Amino acid sequence: MGEMSETGRLILLGAPLGNPADASARLRDALATADVVAAEDTRRLIRLARDLDVTVGGRIVSYFEGNEERRTPELVDVLREGYLVALVTDGGMPSVSDPGYRLVTAALDAGVPVTAAPGPSAVTTALALSGLPCDRFCFEGFLPRTPGGRRARLAALATEPRTLVLFEAPHRIAAALADLAAAFGVDRPAALCRELTKTYEEVVRRPLGELAEWAARGEPRGEITLVVAGAPETPAERPDDDTLRAAVAEREDAGTSRRDAITEVATGYGLRRRDVYTVVHR
């Protein structure tokens, strides 16, 4: 490793999803200058460095789900000694359904600065390509692997109004889509994005029922990101006339003018003021 500084630093590298040309200049620089590069798959890292024509100058260590609990304190010790550690996954940002969160929290607890070289993300890439609303969304990661757990999770999400972004494995996608159609309705718009930025990139935009049938005919291959439209807003049930009159009278008794009381009740129930006025003066 190179000469240590007074304070170590952890840098999270946003790696290309598949196309090496998406690598940032900062990622290239970090791979070349970091004292330690912790990689989810060291073979993939070496292949990426070769594609980028970058020589990894520091020590390469593996950091994946199976060893992150053991390796985290080792890397924190290196950081405490003042060295630069770069963390890279197979694609996208570390910590987002990938190893990284444990190391980030441990580094912060140790008082070590943490920064990032932002890069590609399957979450936002699929969201942008889906054609579905992007102004508000939530990321649910991977659904539970068991059918019962998956259905319970989807039942809890059925009324979520924001666009949903999910990851799913190819061998479970057909069953997941069938459960999604059952929980959300066959007509809910969705987009299945696979192999993003790669040679065989494909985005299939169809209602959930049609997507489930499409996936059942042949297992889609590659890495899959699923984007599902949020639940449509359901208008509030119109209260009966007696309820409207009582609500207006209650406000009048509290000192509100009839005009303002009618406006408040109409706004509260999502009704036209004219309709409430007619009910009150009928």
# chains A, B, ... in the order shown; residues from 1 in each chain; ligands from 1
>>> residues_around(residues="Glu140 of chain A", least_positions_apart="2", cutoff="8 Å", atoms="only C-alpha atoms", output="list of chain:residue names")
A:Cys138, A:Phe142, A:Leu143, A:Leu164, A:Val165, A:Leu166, A:Phe167
>>> write_last_selection(atoms="C-alpha atoms", output="mmCIF file, in the first residue's frame")
data_model
loop_
_atom_site.group_PDB
_atom_site.id
_atom_site.type_symbol
_atom_site.label_atom_id
_atom_site.label_comp_id
_atom_site.auth_asym_id
_atom_site.auth_seq_id
_atom_site.Cartn_x
_atom_site.Cartn_y
_atom_site.Cartn_z
ATOM 1 C CA CYS A 138 -40.073 3.850 -3.656
ATOM 2 C CA PHE A 142 -35.854 -8.014 -3.742
ATOM 3 C CA LEU A 143 -39.202 -9.473 -2.708
ATOM 4 C CA LEU A 164 -42.534 0.846 -7.185
ATOM 5 C CA VAL A 165 -39.092 -0.382 -8.257
ATOM 6 C CA LEU A 166 -38.223 -4.017 -7.538
ATOM 7 C CA PHE A 167 -35.383 -6.424 -8.233
#
>>> residues_around(residues="segment 246-253 of chain A", least_positions_apart="4", cutoff="8 Å", atoms="only C-alpha atoms", output="ChimeraX atom specification")
/A:242,257-258,261-262,265,280
>>> write_last_selection(atoms="C-alpha atoms", output="JSON list (two decimals), in the first residue's frame")
[["chain", "number", "residue", "atom", "x", "y", "z"],
["A", 242, "ASP", "CA", -77.66, 14.63, 6.49],
["A", 257, "SER", "CA", -70.09, 31.88, 8.79],
["A", 258, "ARG", "CA", -72.34, 29.68, 6.70],
["A", 261, "ALA", "CA", -68.56, 26.52, 6.66],
["A", 262, "ILE", "CA", -69.90, 25.32, 3.31],
["A", 265, "VAL", "CA", -66.98, 21.04, 4.20],
["A", 280, "VAL", "CA", -77.76, 22.85, 2.97]]
>>> residues_around(residues="Leu27 of chain A", least_positions_apart="4", cutoff="12 Å", atoms="only C-alpha atoms", output="PyMOL selection string")
chain A and resi 11-16+20-23+31-34+37+45+48-49+52+54+56+86-88+92-93+116-120
>>> write_last_selection(atoms="N, CA, C and O atoms", output="CSV table (one decimal), in the first residue's frame")
chain,number,residue,atom,x,y,z
A,11,ILE,N,-14.3,5.3,-0.1
A,11,ILE,CA,-15.0,5.9,-1.3
A,11,ILE,C,-15.8,4.7,-2.0
A,11,ILE,O,-15.3,3.7,-2.2
A,12,LEU,N,-17.1,5.0,-2.2
A,12,LEU,CA,-18.0,4.1,-2.8
A,12,LEU,C,-18.0,4.3,-4.3
A,12,LEU,O,-18.2,5.5,-4.7
A,13,LEU,N,-17.8,3.3,-5.1
A,13,LEU,CA,-17.7,3.5,-6.5
A,13,LEU,C,-19.0,3.0,-7.2
A,13,LEU,O,-19.3,1.8,-7.1
A,14,GLY,N,-19.6,3.8,-8.0
A,14,GLY,CA,-20.8,3.4,-8.8
A,14,GLY,C,-20.2,2.8,-10.1
A,14,GLY,O,-19.8,3.4,-11.0
A,15,ALA,N,-20.4,1.4,-10.1
A,15,ALA,CA,-19.8,0.7,-11.3
A,15,ALA,C,-20.8,0.6,-12.4
A,15,ALA,O,-22.0,0.6,-12.2
A,16,PRO,N,-20.3,0.4,-13.7
A,16,PRO,CA,-21.2,0.3,-14.8
A,16,PRO,C,-22.1,-1.0,-14.6
A,16,PRO,O,-21.7,-2.0,-14.1
A,20,PRO,N,-18.9,-0.9,-20.1
A,20,PRO,CA,-17.8,-0.2,-19.4
A,20,PRO,C,-17.7,1.3,-19.8
A,20,PRO,O,-17.1,2.0,-19.0
A,21,ALA,N,-18.3,1.7,-20.9
A,21,ALA,CA,-18.2,3.1,-21.3
A,21,ALA,C,-18.9,4.0,-20.3
A,21,ALA,O,-18.7,5.2,-20.4
A,22,ASP,N,-19.7,3.5,-19.5
A,22,ASP,CA,-20.5,4.3,-18.5
A,22,ASP,C,-19.6,4.6,-17.3
A,22,ASP,O,-20.1,5.3,-16.4
A,23,ALA,N,-18.4,4.0,-17.2
A,23,ALA,CA,-17.6,4.3,-16.0
A,23,ALA,C,-17.1,5.8,-16.0
A,23,ALA,O,-16.8,6.4,-17.0
A,31,LEU,N,-9.8,3.6,-8.8
A,31,LEU,CA,-9.3,2.2,-8.9
A,31,LEU,C,-7.8,2.2,-9.0
A,31,LEU,O,-7.1,1.3,-8.6
A,32,ALA,N,-7.2,3.3,-9.7
A,32,ALA,CA,-5.8,3.4,-9.9
A,32,ALA,C,-5.0,3.9,-8.6
A,32,ALA,O,-3.9,3.5,-8.4
A,33,THR,N,-5.7,4.6,-7.7
A,33,THR,CA,-5.0,5.2,-6.6
A,33,THR,C,-5.3,4.7,-5.3
A,33,THR,O,-4.6,5.0,-4.3
A,34,ALA,N,-6.4,3.9,-5.1
A,34,ALA,CA,-6.8,3.4,-3.8
A,34,ALA,C,-5.7,2.5,-3.3
A,34,ALA,O,-5.1,1.7,-4.0
A,37,VAL,N,-8.8,-2.0,-2.8
A,37,VAL,CA,-10.0,-2.0,-3.5
A,37,VAL,C,-10.8,-3.3,-3.0
A,37,VAL,O,-10.3,-4.4,-3.3
A,45,LEU,N,-13.9,-7.4,-11.2
A,45,LEU,CA,-13.2,-6.1,-11.0
A,45,LEU,C,-12.0,-6.1,-12.0
A,45,LEU,O,-11.7,-5.1,-12.6
A,48,LEU,N,-13.2,-5.5,-15.4
A,48,LEU,CA,-13.6,-4.1,-15.6
A,48,LEU,C,-12.3,-3.2,-15.8
A,48,LEU,O,-12.3,-2.4,-16.6
A,49,ALA,N,-11.3,-3.4,-14.9
A,49,ALA,CA,-10.1,-2.6,-15.0
A,49,ALA,C,-9.4,-2.8,-16.4
A,49,ALA,O,-8.9,-1.9,-17.0
A,52,LEU,N,-11.3,-0.9,-19.0
A,52,LEU,CA,-11.1,0.5,-18.8
A,52,LEU,C,-9.6,0.9,-19.0
A,52,LEU,O,-9.3,2.1,-19.0
A,54,VAL,N,-7.2,0.4,-17.0
A,54,VAL,CA,-6.7,0.9,-15.7
A,54,VAL,C,-6.0,-0.1,-15.0
A,54,VAL,O,-6.4,-1.3,-14.9
A,56,VAL,N,-5.0,-1.4,-11.4
A,56,VAL,CA,-5.4,-1.3,-10.0
A,56,VAL,C,-4.1,-1.3,-9.2
A,56,VAL,O,-3.4,-2.3,-9.1
A,86,ALA,N,-11.4,1.7,-1.5
A,86,ALA,CA,-12.5,1.9,-2.5
A,86,ALA,C,-13.3,0.6,-2.5
A,86,ALA,O,-12.8,-0.5,-2.4
A,87,LEU,N,-14.6,0.8,-2.5
A,87,LEU,CA,-15.6,-0.3,-2.5
A,87,LEU,C,-16.3,-0.3,-3.8
A,87,LEU,O,-16.9,0.7,-4.2
A,88,VAL,N,-16.3,-1.5,-4.4
A,88,VAL,CA,-17.0,-1.6,-5.7
A,88,VAL,C,-17.8,-2.9,-5.8
A,88,VAL,O,-17.3,-3.9,-5.3
A,92,GLY,N,-23.6,-0.8,-10.3
A,92,GLY,CA,-24.4,0.1,-9.6
A,92,GLY,C,-23.7,0.5,-8.3
A,92,GLY,O,-22.5,0.3,-8.1
A,93,MET,N,-24.5,1.2,-7.4
A,93,MET,CA,-23.9,1.7,-6.2
A,93,MET,C,-23.9,0.7,-5.1
A,93,MET,O,-24.8,0.0,-4.8
A,116,ALA,N,-18.3,9.2,-2.2
A,116,ALA,CA,-18.8,8.4,-3.3
A,116,ALA,C,-18.4,9.0,-4.6
A,116,ALA,O,-18.3,10.2,-4.8
A,117,ALA,N,-18.1,8.1,-5.6
A,117,ALA,CA,-18.0,8.5,-7.0
A,117,ALA,C,-19.2,8.0,-7.6
A,117,ALA,O,-19.3,6.8,-8.0
A,118,PRO,N,-20.3,8.9,-7.7
A,118,PRO,CA,-21.6,8.4,-8.2
A,118,PRO,C,-21.5,7.8,-9.6
A,118,PRO,O,-20.6,8.2,-10.4
A,119,GLY,N,-22.4,6.9,-9.9
A,119,GLY,CA,-22.4,6.2,-11.2
A,119,GLY,C,-23.7,5.6,-11.5
A,119,GLY,O,-24.7,6.0,-10.9
A,120,PRO,N,-23.7,4.7,-12.4
A,120,PRO,CA,-25.0,4.1,-12.8
A,120,PRO,C,-25.8,3.4,-11.7
A,120,PRO,O,-25.2,2.9,-10.7
>>> residues_around(residues="Ala231 of chain A", least_positions_apart="3", cutoff="8 Å", atoms="only C-alpha atoms", output="list in words")
Ala158, Thr159, Glu160, Pro161, Arg162, Phe184 and Arg188 of chain A
>>> write_last_selection(atoms="C-alpha atoms", output="PDB file, in the first residue's frame")
ATOM      1  CA  ALA A 158     -51.108  -2.907  -2.979  1.00  0.00           C
ATOM      2  CA  THR A 159     -52.304   0.571  -1.986  1.00  0.00           C
ATOM      3  CA  GLU A 160     -48.893   2.290  -2.241  1.00  0.00           C
ATOM      4  CA  PRO A 161     -49.516   5.352  -4.470  1.00  0.00           C
ATOM      5  CA  ARG A 162     -45.874   5.816  -5.528  1.00  0.00           C
ATOM      6  CA  PHE A 184     -52.421  -5.208  -7.635  1.00  0.00           C
ATOM      7  CA  ARG A 188     -51.828  -2.144 -13.316  1.00  0.00           C
TER       8      ARG A 188
END
>>> residues_around(residues="segment 215-230 of chain A", least_positions_apart="5", cutoff="8 Å", atoms="only C-alpha atoms", output="PyMOL selection string")
chain A and resi 122-123+126-127+130+132-133+159-171+173-174+177+188-196
